[in-house]
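File shown here: final-v6.cif, holding mmCIF, C-alpha atoms and all ligand atoms.
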```cif
data_model
loop_
_atom_site.group_PDB
_atom_site.id
_atom_site.type_symbol
_atom_site.label_atom_id
_atom_site.label_comp_id
_atom_site.auth_asym_id
_atom_site.auth_seq_id
_atom_site.Cartn_x
_atom_site.Cartn_y
_atom_site.Cartn_z
ATOM 1 C CA MET S 16 113.361 163.010 229.389
ATOM 2 C CA ALA S 17 111.163 159.910 229.415
ATOM 3 C CA GLU S 18 107.401 160.355 229.796
ATOM 4 C CA THR S 19 107.441 159.710 233.522
ATOM 5 C CA GLU S 20 110.589 161.689 234.237
ATOM 6 C CA VAL S 21 110.431 165.011 236.026
ATOM 7 C CA VAL S 22 111.438 168.058 234.031
ATOM 8 C CA SER S 23 114.969 168.963 235.154
ATOM 9 C CA PRO S 24 115.742 172.507 236.251
ATOM 10 C CA GLY S 25 117.484 174.569 233.598
ATOM 11 C CA LEU S 26 116.814 176.654 230.537
ATOM 12 C CA TRP S 27 114.567 174.738 228.148
ATOM 13 C CA LEU S 28 114.341 175.709 224.482
ATOM 14 C CA VAL S 29 110.882 174.585 223.473
ATOM 15 C CA ALA S 30 109.675 174.503 219.861
ATOM 16 C CA THR S 31 106.069 175.498 219.208
ATOM 17 C CA PRO S 32 103.945 175.146 216.036
ATOM 18 C CA ILE S 33 104.626 177.261 212.932
ATOM 19 C CA GLY S 34 100.928 177.363 212.109
ATOM 20 C CA ASN S 35 99.247 174.086 212.904
ATOM 21 C CA MET S 36 98.554 173.450 216.579
ATOM 22 C CA GLY S 37 98.568 169.732 215.860
ATOM 23 C CA ASP S 38 102.341 170.012 215.585
ATOM 24 C CA MET S 39 102.743 170.843 219.269
ATOM 25 C CA THR S 40 104.632 167.862 220.686
ATOM 26 C CA SER S 41 103.482 166.217 223.889
ATOM 27 C CA ARG S 42 106.974 166.730 225.297
ATOM 28 C CA ALA S 43 106.804 170.471 224.580
ATOM 29 C CA GLN S 44 103.500 170.535 226.468
ATOM 30 C CA GLU S 45 104.984 168.655 229.431
ATOM 31 C CA VAL S 46 107.896 171.045 229.684
ATOM 32 C CA LEU S 47 105.685 174.119 229.416
ATOM 33 C CA GLN S 48 103.265 172.712 232.007
ATOM 34 C CA ALA S 49 106.190 172.088 234.350
ATOM 35 C CA ALA S 50 107.865 175.448 233.741
ATOM 36 C CA ASN S 51 107.868 177.937 236.623
ATOM 37 C CA VAL S 52 108.843 180.681 234.226
ATOM 38 C CA VAL S 53 108.239 181.055 230.492
ATOM 39 C CA CYS S 54 110.273 183.486 228.400
ATOM 40 C CA CYS S 55 108.447 184.585 225.273
ATOM 41 C CA GLU S 56 108.489 187.316 222.639
ATOM 42 C CA ASP S 57 104.894 188.394 223.086
ATOM 43 C CA THR S 58 103.019 187.690 226.313
ATOM 44 C CA ARG S 59 99.564 187.949 224.738
ATOM 45 C CA ARG S 60 100.323 185.588 221.891
ATOM 46 C CA SER S 61 102.172 183.076 224.067
ATOM 47 C CA GLY S 62 99.591 183.488 226.823
ATOM 48 C CA ARG S 63 96.980 182.081 224.432
ATOM 49 C CA LEU S 64 99.175 179.123 223.550
ATOM 50 C CA LEU S 65 99.918 178.392 227.207
ATOM 51 C CA ALA S 66 96.220 178.611 228.089
ATOM 52 C CA ALA S 67 95.380 176.190 225.279
ATOM 53 C CA ILE S 68 97.639 173.546 226.841
ATOM 54 C CA SER S 69 96.715 174.414 230.450
ATOM 55 C CA ALA S 70 100.194 175.597 231.306
ATOM 56 C CA THR S 71 100.163 178.088 234.191
ATOM 57 C CA PRO S 72 103.692 179.408 234.797
ATOM 58 C CA GLU S 73 104.201 181.692 237.800
ATOM 59 C CA ARG S 74 105.856 184.262 235.622
ATOM 60 C CA LEU S 75 106.259 185.333 231.997
ATOM 61 C CA ILE S 76 109.379 187.221 230.935
ATOM 62 C CA VAL S 77 109.540 189.098 227.639
ATOM 63 C CA VAL S 78 112.583 187.975 225.689
ATOM 64 C CA ASN S 79 112.875 189.513 222.264
ATOM 65 C CA GLU S 80 115.818 190.788 220.220
ATOM 66 C CA HIS S 81 115.910 193.976 222.305
ATOM 67 C CA THR S 82 115.461 192.455 225.762
ATOM 68 C CA GLU S 83 117.358 189.177 225.447
ATOM 69 C CA HIS S 84 120.630 190.594 226.688
ATOM 70 C CA ASP S 85 119.034 192.219 229.744
ATOM 71 C CA ALA S 86 117.175 189.010 230.608
ATOM 72 C CA ILE S 87 120.375 186.996 230.965
ATOM 73 C CA ASP S 88 121.034 187.688 234.660
ATOM 74 C CA THR S 89 117.405 187.154 235.642
ATOM 75 C CA VAL S 90 117.211 183.838 233.800
ATOM 76 C CA ALA S 91 120.592 182.725 235.185
ATOM 77 C CA ASP S 92 119.446 183.504 238.753
ATOM 78 C CA LEU S 93 116.186 181.621 238.235
ATOM 79 C CA VAL S 94 117.986 178.572 236.861
ATOM 80 C CA THR S 95 120.596 178.696 239.634
ATOM 81 C CA SER S 96 117.832 178.560 242.224
ATOM 82 C CA GLY S 97 116.401 175.400 240.671
ATOM 83 C CA ASN S 98 113.639 176.708 238.404
ATOM 84 C CA VAL S 99 112.472 175.262 235.114
ATOM 85 C CA VAL S 100 112.677 178.189 232.702
ATOM 86 C CA ALA S 101 111.216 177.607 229.243
ATOM 87 C CA LEU S 102 112.034 179.774 226.244
ATOM 88 C CA ILE S 103 109.537 179.869 223.403
ATOM 89 C CA SER S 104 109.273 182.176 220.404
ATOM 90 C CA ASP S 105 106.207 183.399 218.541
ATOM 91 C CA ALA S 106 106.418 180.306 216.334
ATOM 92 C CA GLY S 107 108.819 177.483 215.601
ATOM 93 C CA THR S 108 112.166 176.783 217.157
ATOM 94 C CA PRO S 109 113.755 179.351 219.477
ATOM 95 C CA ALA S 110 117.216 180.613 218.506
ATOM 96 C CA ILE S 111 116.553 180.033 214.788
ATOM 97 C CA SER S 112 116.105 183.610 213.511
ATOM 98 C CA ASP S 113 114.517 184.154 216.910
ATOM 99 C CA PRO S 114 115.805 185.003 220.398
ATOM 100 C CA GLY S 115 117.715 182.302 222.237
ATOM 101 C CA GLU S 116 121.302 182.151 221.064
ATOM 102 C CA ARG S 117 122.606 184.748 223.545
ATOM 103 C CA LEU S 118 120.729 183.198 226.459
ATOM 104 C CA VAL S 119 122.062 179.751 225.638
ATOM 105 C CA ARG S 120 125.621 181.022 225.421
ATOM 106 C CA ALA S 121 125.260 182.857 228.714
ATOM 107 C CA MET S 122 123.971 179.716 230.472
ATOM 108 C CA ILE S 123 126.877 177.694 229.092
ATOM 109 C CA GLU S 124 129.361 180.332 230.261
ATOM 110 C CA ARG S 125 127.866 180.034 233.763
ATOM 111 C CA SER S 126 127.882 176.201 233.610
ATOM 112 C CA LEU S 127 124.082 176.151 233.914
ATOM 113 C CA PRO S 128 122.013 173.416 232.255
ATOM 114 C CA VAL S 129 120.384 173.948 228.846
ATOM 115 C CA TRP S 130 117.886 171.465 227.428
ATOM 116 C CA SER S 131 115.802 171.248 224.286
ATOM 117 C CA ALA S 132 112.305 170.094 223.428
ATOM 118 C CA PRO S 133 112.694 170.072 219.632
ATOM 119 C CA GLY S 134 109.864 170.321 217.159
ATOM 120 C CA PRO S 135 108.565 172.474 214.303
ATOM 121 C CA SER S 136 110.814 174.816 212.356
ATOM 122 C CA ALA S 137 110.015 176.461 209.034
ATOM 123 C CA LEU S 138 113.629 175.822 207.994
ATOM 124 C CA ILE S 139 113.391 172.037 208.184
ATOM 125 C CA ALA S 140 109.812 171.901 206.880
ATOM 126 C CA ALA S 141 110.824 173.898 203.785
ATOM 127 C CA VAL S 142 114.071 172.136 202.995
ATOM 128 C CA ILE S 143 112.544 168.658 203.175
ATOM 129 C CA VAL S 144 109.680 169.471 200.802
ATOM 130 C CA SER S 145 111.891 171.398 198.360
ATOM 131 C CA GLY S 146 113.102 168.294 196.558
ATOM 132 C CA PHE S 147 116.628 169.771 196.470
ATOM 133 C CA PRO S 148 119.638 168.047 198.027
ATOM 134 C CA THR S 149 119.231 167.711 201.796
ATOM 135 C CA ASP S 150 122.495 165.926 202.536
ATOM 136 C CA ARG S 151 124.198 169.298 202.882
ATOM 137 C CA PHE S 152 122.498 172.655 203.018
ATOM 138 C CA VAL S 153 123.064 176.119 204.446
ATOM 139 C CA PHE S 154 120.663 178.291 206.364
ATOM 140 C CA GLU S 155 120.934 182.000 205.590
ATOM 141 C CA GLY S 156 117.917 183.154 207.608
ATOM 142 C CA PHE S 157 116.934 186.711 206.689
ATOM 143 C CA LEU S 158 119.291 188.565 204.361
ATOM 144 C CA PRO S 159 120.590 191.869 205.723
ATOM 145 C CA ARG S 160 118.069 194.553 204.754
ATOM 146 C CA MET S 161 120.303 196.786 202.620
ATOM 147 C CA GLY S 162 123.681 198.213 201.737
ATOM 148 C CA ALA S 163 127.042 196.547 201.340
ATOM 149 C CA GLU S 164 126.155 193.833 203.852
ATOM 150 C CA ARG S 165 123.208 192.751 201.715
ATOM 151 C CA ARG S 166 125.229 192.856 198.485
ATOM 152 C CA GLU S 167 127.992 190.781 200.038
ATOM 153 C CA ARG S 168 125.556 188.225 201.396
ATOM 154 C CA LEU S 169 123.844 187.934 198.004
ATOM 155 C CA ALA S 170 127.254 187.324 196.442
ATOM 156 C CA GLU S 171 127.959 184.651 199.065
ATOM 157 C CA VAL S 172 124.641 182.974 198.329
ATOM 158 C CA ALA S 173 125.475 183.071 194.610
ATOM 159 C CA ARG S 174 128.838 181.375 195.287
ATOM 160 C CA GLU S 175 127.322 178.808 197.632
ATOM 161 C CA ARG S 176 127.387 175.293 196.224
ATOM 162 C CA ARG S 177 124.930 173.750 198.670
ATOM 163 C CA THR S 178 121.154 174.023 198.885
ATOM 164 C CA CYS S 179 120.442 177.377 200.470
ATOM 165 C CA VAL S 180 117.499 178.279 202.729
ATOM 166 C CA LEU S 181 116.328 181.848 203.326
ATOM 167 C CA TYR S 182 113.501 183.372 205.333
ATOM 168 C CA GLU S 183 111.564 186.317 203.955
ATOM 169 C CA ALA S 184 108.624 188.512 204.832
ATOM 170 C CA PRO S 185 105.829 188.970 202.251
ATOM 171 C CA HIS S 186 106.460 192.668 201.625
ATOM 172 C CA ARG S 187 110.102 192.003 200.725
ATOM 173 C CA ILE S 188 109.721 188.776 198.771
ATOM 174 C CA GLU S 189 109.629 190.351 195.295
ATOM 175 C CA ARG S 190 112.716 192.482 195.819
ATOM 176 C CA THR S 191 114.634 189.581 197.339
ATOM 177 C CA LEU S 192 113.763 187.255 194.463
ATOM 178 C CA LEU S 193 114.759 189.936 191.937
ATOM 179 C CA GLU S 194 118.093 190.451 193.630
ATOM 180 C CA LEU S 195 118.678 186.723 193.985
ATOM 181 C CA ALA S 196 118.005 186.342 190.254
ATOM 182 C CA GLY S 197 120.531 189.125 189.617
ATOM 183 C CA ALA S 198 123.151 187.465 191.786
ATOM 184 C CA CYS S 199 122.546 183.770 191.097
ATOM 185 C CA GLY S 200 121.184 183.966 187.555
ATOM 186 C CA ASP S 201 117.600 183.794 186.296
ATOM 187 C CA GLU S 202 117.792 180.056 185.797
ATOM 188 C CA ARG S 203 118.654 178.961 189.335
ATOM 189 C CA ARG S 204 115.816 176.802 190.600
ATOM 190 C CA VAL S 205 113.900 177.796 193.690
ATOM 191 C CA CYS S 206 111.192 176.306 195.854
ATOM 192 C CA LEU S 207 108.951 178.968 197.372
ATOM 193 C CA THR S 208 107.144 177.705 200.424
ATOM 194 C CA ARG S 209 104.424 179.810 201.933
ATOM 195 C CA GLU S 210 102.223 179.377 205.003
ATOM 196 C CA LEU S 211 103.699 175.963 205.819
ATOM 197 C CA THR S 212 101.378 173.679 207.811
ATOM 198 C CA LYS S 213 98.567 176.252 207.522
ATOM 199 C CA MET S 214 95.276 176.160 205.624
ATOM 200 C CA HIS S 215 96.631 178.139 202.646
ATOM 201 C CA GLU S 216 99.971 176.371 202.421
ATOM 202 C CA GLU S 217 101.609 176.804 199.024
ATOM 203 C CA LEU S 218 104.609 175.061 197.520
ATOM 204 C CA TRP S 219 105.792 176.537 194.245
ATOM 205 C CA ARG S 220 108.804 175.408 192.214
ATOM 206 C CA GLY S 221 110.494 176.991 189.218
ATOM 207 C CA THR S 222 113.372 179.254 188.242
ATOM 208 C CA LEU S 223 114.169 182.519 189.997
ATOM 209 C CA ALA S 224 112.950 184.483 186.957
ATOM 210 C CA GLU S 225 109.662 182.552 187.009
ATOM 211 C CA ALA S 226 109.401 183.071 190.769
ATOM 212 C CA VAL S 227 109.603 186.835 190.313
ATOM 213 C CA ALA S 228 106.755 186.672 187.784
ATOM 214 C CA HIS S 229 104.816 184.372 190.113
ATOM 215 C CA VAL S 230 104.925 186.715 193.111
ATOM 216 C CA GLN S 231 104.198 189.693 190.865
ATOM 217 C CA SER S 232 101.055 187.981 189.601
ATOM 218 C CA THR S 233 99.659 187.292 193.070
ATOM 219 C CA GLU S 234 99.469 189.372 196.182
ATOM 220 C CA PRO S 235 102.286 188.053 198.369
ATOM 221 C CA ARG S 236 100.749 187.168 201.709
ATOM 222 C CA GLY S 237 101.882 185.100 204.659
ATOM 223 C CA GLU S 238 105.325 183.874 205.548
ATOM 224 C CA TYR S 239 107.831 182.578 203.063
ATOM 225 C CA VAL S 240 110.829 180.300 203.062
ATOM 226 C CA LEU S 241 112.917 180.256 199.868
ATOM 227 C CA VAL S 242 114.976 177.193 199.102
ATOM 228 C CA LEU S 243 117.556 177.579 196.354
ATOM 229 C CA ASP S 244 118.742 174.556 194.436
ATOM 230 C CA THR S 245 122.439 173.766 194.175
ATOM 231 C CA VAL S 246 124.460 175.213 191.316
ATOM 232 C CA ALA S 247 125.539 171.703 190.381
ATOM 233 C CA SER S 248 122.037 170.777 189.247
ATOM 234 C CA MET S 249 121.971 173.550 186.655
ATOM 235 C CA THR S 250 122.498 172.169 183.168
ATOM 236 C CA LEU S 251 122.593 175.420 181.318
ATOM 237 C CA ASP S 252 124.135 176.007 177.959
ATOM 238 C CA VAL S 253 126.421 178.890 178.769
ATOM 239 C CA SER S 254 127.885 180.900 175.926
ATOM 240 C CA ASP S 255 131.212 182.692 176.039
ATOM 241 C CA ASP S 256 129.241 185.932 175.751
ATOM 242 C CA ASP S 257 127.310 185.008 178.925
ATOM 243 C CA ILE S 258 130.606 184.524 180.731
ATOM 244 C CA VAL S 259 132.152 187.747 179.423
ATOM 245 C CA ARG S 260 129.040 189.662 180.441
ATOM 246 C CA ALA S 261 129.084 188.150 183.933
ATOM 247 C CA LEU S 262 132.788 188.964 184.257
ATOM 248 C CA SER S 263 132.176 192.529 183.224
ATOM 249 C CA ASP S 264 129.347 192.855 185.825
ATOM 250 C CA ARG S 265 131.727 191.665 188.547
ATOM 251 C CA ARG S 266 134.479 194.028 187.449
ATOM 252 C CA ASP S 267 131.993 196.905 187.510
ATOM 253 C CA LEU S 268 131.323 195.992 191.137
ATOM 254 C CA GLY S 269 135.040 196.332 191.834
ATOM 255 C CA LEU S 270 135.947 192.646 192.133
ATOM 256 C CA SER S 271 139.476 191.592 191.211
ATOM 257 C CA THR S 272 139.982 189.395 188.150
ATOM 258 C CA ARG S 273 140.648 186.443 190.394
ATOM 259 C CA ASP S 274 137.490 186.921 192.495
ATOM 260 C CA SER S 275 135.431 187.614 189.364
ATOM 261 C CA VAL S 276 136.651 184.396 187.771
ATOM 262 C CA ASP S 277 135.916 182.351 190.912
ATOM 263 C CA GLU S 278 132.454 183.800 191.286
ATOM 264 C CA VAL S 279 131.430 183.512 187.639
ATOM 265 C CA ALA S 280 132.695 179.917 187.443
ATOM 266 C CA THR S 281 130.574 179.017 190.467
ATOM 267 C CA VAL S 282 127.461 180.950 189.548
ATOM 268 C CA LEU S 283 127.344 179.741 185.938
ATOM 269 C CA ASN S 284 128.617 176.274 186.852
ATOM 270 C CA VAL S 285 131.377 176.297 184.241
ATOM 271 C CA SER S 286 135.039 175.414 184.552
ATOM 272 C CA ARG S 287 137.313 177.969 186.151
ATOM 273 C CA LYS S 288 139.819 177.490 183.342
ATOM 274 C CA ARG S 289 137.261 178.445 180.720
ATOM 275 C CA VAL S 290 136.322 181.597 182.636
ATOM 276 C CA TYR S 291 139.953 182.452 183.318
ATOM 277 C CA ASP S 292 140.871 182.058 179.642
ATOM 278 C CA LEU S 293 138.050 184.406 178.672
ATOM 279 C CA ALA S 294 138.930 186.883 181.413
ATOM 280 C CA THR S 295 142.515 187.114 180.255
ATOM 281 C CA SER S 296 141.822 187.122 176.543
ATOM 282 C CA THR S 297 138.902 189.502 176.194
ATOM 283 C CA ASP S 298 141.184 192.008 174.424
ATOM 284 C CA LYS S 299 142.153 189.522 171.758
ATOM 285 C CA PRO S 300 140.093 189.805 168.535
ATOM 286 C CA GLY S 301 137.547 187.045 168.094
ATOM 287 C CA ALA S 302 137.978 185.796 171.651
ATOM 288 C CA ASN S 303 134.290 186.054 172.524
ATOM 289 C CA SER S 304 132.797 183.264 170.534
ATOM 290 C CA THR S 305 129.080 182.906 171.159
ATOM 291 C CA LYS S 306 129.330 179.148 170.767
ATOM 292 C CA LYS S 307 127.315 177.347 173.441
ATOM 293 C CA ARG S 308 128.849 174.500 175.396
ATOM 294 C CA LYS S 309 128.229 172.698 178.631
ATOM 295 C CA THR S 310 131.475 172.760 180.615
HETATM 296 N N1 LIG U 1 112.151 180.273 214.699
HETATM 297 C C1 LIG U 1 111.271 180.138 213.584
HETATM 298 C C2 LIG U 1 111.472 178.758 212.965
HETATM 299 O O1 LIG U 1 111.957 177.881 213.651
HETATM 300 O O2 LIG U 1 111.114 178.556 211.828
HETATM 301 C C3 LIG U 1 111.479 181.239 212.563
HETATM 302 C C4 LIG U 1 111.175 182.596 213.100
HETATM 303 S S1 LIG U 1 111.461 183.885 211.962
HETATM 304 C C5 LIG U 1 111.254 185.278 212.981
HETATM 305 C C6 LIG U 1 109.993 183.951 211.040
HETATM 306 C C7 LIG U 1 110.204 183.521 209.608
HETATM 307 O O3 LIG U 1 110.146 182.108 209.532
HETATM 308 C C8 LIG U 1 109.130 184.006 208.663
HETATM 309 O O4 LIG U 1 109.394 185.303 208.169
HETATM 310 C C9 LIG U 1 109.201 182.972 207.557
HETATM 311 O O5 LIG U 1 110.289 183.241 206.700
HETATM 312 C C10 LIG U 1 109.497 181.714 208.360
HETATM 313 N N2 LIG U 1 108.252 181.025 208.729
HETATM 314 C C11 LIG U 1 107.740 180.882 209.958
HETATM 315 N N3 LIG U 1 106.594 180.188 209.916
HETATM 316 C C12 LIG U 1 106.373 179.893 208.619
HETATM 317 C C13 LIG U 1 105.355 179.188 207.916
HETATM 318 N N4 LIG U 1 104.312 178.645 208.546
HETATM 319 N N5 LIG U 1 105.463 179.077 206.562
HETATM 320 C C14 LIG U 1 106.514 179.608 205.908
HETATM 321 N N6 LIG U 1 107.500 180.286 206.516
HETATM 322 C C15 LIG U 1 107.422 180.421 207.848
#
```

Can you dump the structure from the file as structure tokens?
Amino acid sequence: MAETEVVSPGLWLVATPIGNMGDMTSRAQEVLQAANVVCCEDTRRSGRLLAAISATPERLIVVNEHTEHDAIDTVADLVTSGNVVALISDAGTPAISDPGERLVRAMIERSLPVWSAPGPSALIAAVIVSGFPTDRFVFEGFLPRMGAERRERLAEVARERRTCVLYEAPHRIERTLLELAGACGDERRVCLTRELTKMHEELWRGTLAEAVAHVQSTEPRGEYVLVLDTVASMTLDVSDDDIVRALSDRRDLGLSTRDSVDEVATVLNVSRKRVYDLATSTDKPGANSTKKRKT
């Protein structure tokens, strides 16, 4: 959409600031000013934002994780009859750990137009300031809260070879860092970003073990994004004892020898052959040399 172009009817996913109102794009403002209907998570919060940019939609529809499914038919009808329907979330980019994905899919299934007015997202802001590889990265969003799902996801994160981005709330940050350290190893590097674009923005870099101590020493406040460095950048001296211990932890969790070997090789960034040899020779006397080496 060029500056002079009219805003086409359809469902518009509009990004809004993650803290700093200066990050509101002029295109986002144009779309919201043109929108007949705005879907938002919280009408009071979004009402303030809309008032600040003099956007006066005829109607606000609450679309949150509970109501998104029920809103599909209403939004589809509105779009079919030629309305500009904008979807915003409380902050950042809709459909990124926020409502939107189901609505988008439903519009596509009905061959209705979907447009975007891109802009701020905590995901991109955090990954670009982390200093870790940005050529390939994975977004994990929020980890499942508990149980087997959480354990499996932590194991997946530990096996992941690319930079990994996670969202977390302040009251869960310490536990998540502790569990990440357990799964990925104390020495994996992490960039903790907090309150991005806001007055008390904080960027902190160190190992997972240091990150645990860091959040324990301060009162965790505000919103966090954790960016985990790639395994490949770890240059640890790993002893055979470290490997045998990690293998034993995996076996205790019920993993097969093969899966344990794969996971330990990835997490400790050592060759699979070395781990396999240790896994299959742990019964042999003298097999567990504590010699440190860097393979
Ligand atoms: N859709 C949003 C986006 O594009 O970033 C994310 C919404 S999600 C419900 C909220 C989470 O995003 C927070 O718990 C935090 O992990 C992250 N987040 C949002 N704003 C942030 C900020 N200013 N600084 C750090 N993290 C932020």

**Request:** Could you report the residues within 6 Å of ligand LIG 1 (chain U), using only C-alpha atoms and all ligand atoms, as a list in words?
**Result:**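 Answer in the requested format: Ile33, Gly34, Ala106, Gly107, Thr108, Pro109, Ile111, Ser112, Asp113, Ser136, Ala137, Leu138, Tyr182, Glu183, Ala184, Thr208, Arg209, Glu210, Leu211, Thr212, Glu238, Tyr239 and Val240 of chain S.
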
**Request:** Please indicate the distance in Å from atom CA of Pro32 of chain S to atom CA of Ile123 of chain S, rounded to one decimal place.
**Result:**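 Atom-to-atom, atom CA of Pro32 of chain S and atom CA of Ile123 of chain S are spaced 26.5 Å apart.
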
**Prompt:** Nearest to Asp252 of chain S among S:Leu28, S:Cys199, S:Ala224, S:Asn284, with distances taken over all atoms listed in the file: which residue is it?
**Reply:** S:Asn284

**Prompt:** Can you list, as a list in words, the residues that the PyMOL selection byres (((chain S and resi 206) around 8) and not hetatm) selects here?
**Reply:**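 Those residues are Ser145, Arg204, Val205, Leu207, Thr208, Leu218, Trp219, Arg220, Gly221, Leu241, Val242, Leu243 and Asp244 of chain S.
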
**Prompt:** What is the distance between atom CA of Glu73 of chain S and atom CA of Ser41 of chain S, in Å to one decimal?
**Reply:**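 Going from atom CA of Glu73 of chain S over to atom CA of Ser41 of chain S, I get 20.8 Å.
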
**Request:** Identify the residues within 6 Å of coordinate (110.6, 171.8, 229.8) (same frame as the file), considering only C-alpha atoms, and give the answer as a PyMOL selection string.
**Result:** chain S and resi 22+27+46-47+101

**Nearest residue to Val53 of chain S from the set S:His186, S:Arg74, S:Arg151, S:Arg266 (distances using all atoms listed in the file)** =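 Residue with the minimum atom-to-atom distance to Val53 of chain S: S:Arg74.
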
**Asked** To one decimal place, how far is atom CA of Phe152 of chain S from atom CA of Pro114 of chain S in Å?
**Response** 22.3 Å

**Request:** Find the residue from S:Ala86, S:Val172, S:Ile139, S:Val94 that sits nearest to Ser23 of chain S; use all atoms listed in the file when measuring.
**Result:** S:Val94

**Request:** Any chance you could resolve the PyMOL selection byres (((chain S and resi 161-170) around 8) and not hetatm) against this file and give the residues as a list in words?
**Result:** Leu158, Pro159, Arg160, Glu171, Val172, Ala173, Arg174, Glu194, Leu195, Ala198 and Cys199 of chain S

**Message:** Expand the PyMOL selection byres (((chain S and resi 290) around 12) and not hetatm) into the explicit residue set it covers here, and present it as a ChimeraX atom specification.
**Reply:** /S:253-263,272-289,291-297,302-303,310

Generate the output file for the selected residues, C-alpha atoms, as an mmCIF file, in the coordinates of the input.
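Here's the written file part-v8.cif:
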```cif
data_model
loop_
_atom_site.group_PDB
_atom_site.id
_atom_site.type_symbol
_atom_site.label_atom_id
_atom_site.label_comp_id
_atom_site.auth_asym_id
_atom_site.auth_seq_id
_atom_site.Cartn_x
_atom_site.Cartn_y
_atom_site.Cartn_z
ATOM 1 C CA VAL S 253 126.421 178.890 178.769
ATOM 2 C CA SER S 254 127.885 180.900 175.926
ATOM 3 C CA ASP S 255 131.212 182.692 176.039
ATOM 4 C CA ASP S 256 129.241 185.932 175.751
ATOM 5 C CA ASP S 257 127.310 185.008 178.925
ATOM 6 C CA ILE S 258 130.606 184.524 180.731
ATOM 7 C CA VAL S 259 132.152 187.747 179.423
ATOM 8 C CA ARG S 260 129.040 189.662 180.441
ATOM 9 C CA ALA S 261 129.084 188.150 183.933
ATOM 10 C CA LEU S 262 132.788 188.964 184.257
ATOM 11 C CA SER S 263 132.176 192.529 183.224
ATOM 12 C CA THR S 272 139.982 189.395 188.150
ATOM 13 C CA ARG S 273 140.648 186.443 190.394
ATOM 14 C CA ASP S 274 137.490 186.921 192.495
ATOM 15 C CA SER S 275 135.431 187.614 189.364
ATOM 16 C CA VAL S 276 136.651 184.396 187.771
ATOM 17 C CA ASP S 277 135.916 182.351 190.912
ATOM 18 C CA GLU S 278 132.454 183.800 191.286
ATOM 19 C CA VAL S 279 131.430 183.512 187.639
ATOM 20 C CA ALA S 280 132.695 179.917 187.443
ATOM 21 C CA THR S 281 130.574 179.017 190.467
ATOM 22 C CA VAL S 282 127.461 180.950 189.548
ATOM 23 C CA LEU S 283 127.344 179.741 185.938
ATOM 24 C CA ASN S 284 128.617 176.274 186.852
ATOM 25 C CA VAL S 285 131.377 176.297 184.241
ATOM 26 C CA SER S 286 135.039 175.414 184.552
ATOM 27 C CA ARG S 287 137.313 177.969 186.151
ATOM 28 C CA LYS S 288 139.819 177.490 183.342
ATOM 29 C CA ARG S 289 137.261 178.445 180.720
ATOM 30 C CA TYR S 291 139.953 182.452 183.318
ATOM 31 C CA ASP S 292 140.871 182.058 179.642
ATOM 32 C CA LEU S 293 138.050 184.406 178.672
ATOM 33 C CA ALA S 294 138.930 186.883 181.413
ATOM 34 C CA THR S 295 142.515 187.114 180.255
ATOM 35 C CA SER S 296 141.822 187.122 176.543
ATOM 36 C CA THR S 297 138.902 189.502 176.194
ATOM 37 C CA ALA S 302 137.978 185.796 171.651
ATOM 38 C CA ASN S 303 134.290 186.054 172.524
ATOM 39 C CA THR S 310 131.475 172.760 180.615
#
```

**Request:** Pick out the residues sitting within 12 Å of Leu118 of chain S, and hand them over as a ChimeraX atom specification; count all atoms listed in the file, and ignore anything fewer than 4 positions along from it in its own chain.
**Result:** /S:25-28,54,78-80,82-91,94,100-102,109-110,113-114,122-125,127-129

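Nearest to Leu193 of chain S of all the residues S:Thr58, S:Gln48, S:Thr149, S:Thr222 is S:Thr222, counting only C-alpha atoms.
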
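The smallest atom-to-atom distance between Arg60 of chain S and any of S:Arg203, S:Val227, S:Leu75, S:Glu45, using only C-alpha atoms, is found for S:Leu75.
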
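Distance annotation: of S:Val246, S:Leu192, S:Val180, S:Ile103, the residue with the minimal separation from Pro135 of chain S is S:Ile103; atom set is only C-alpha atoms.
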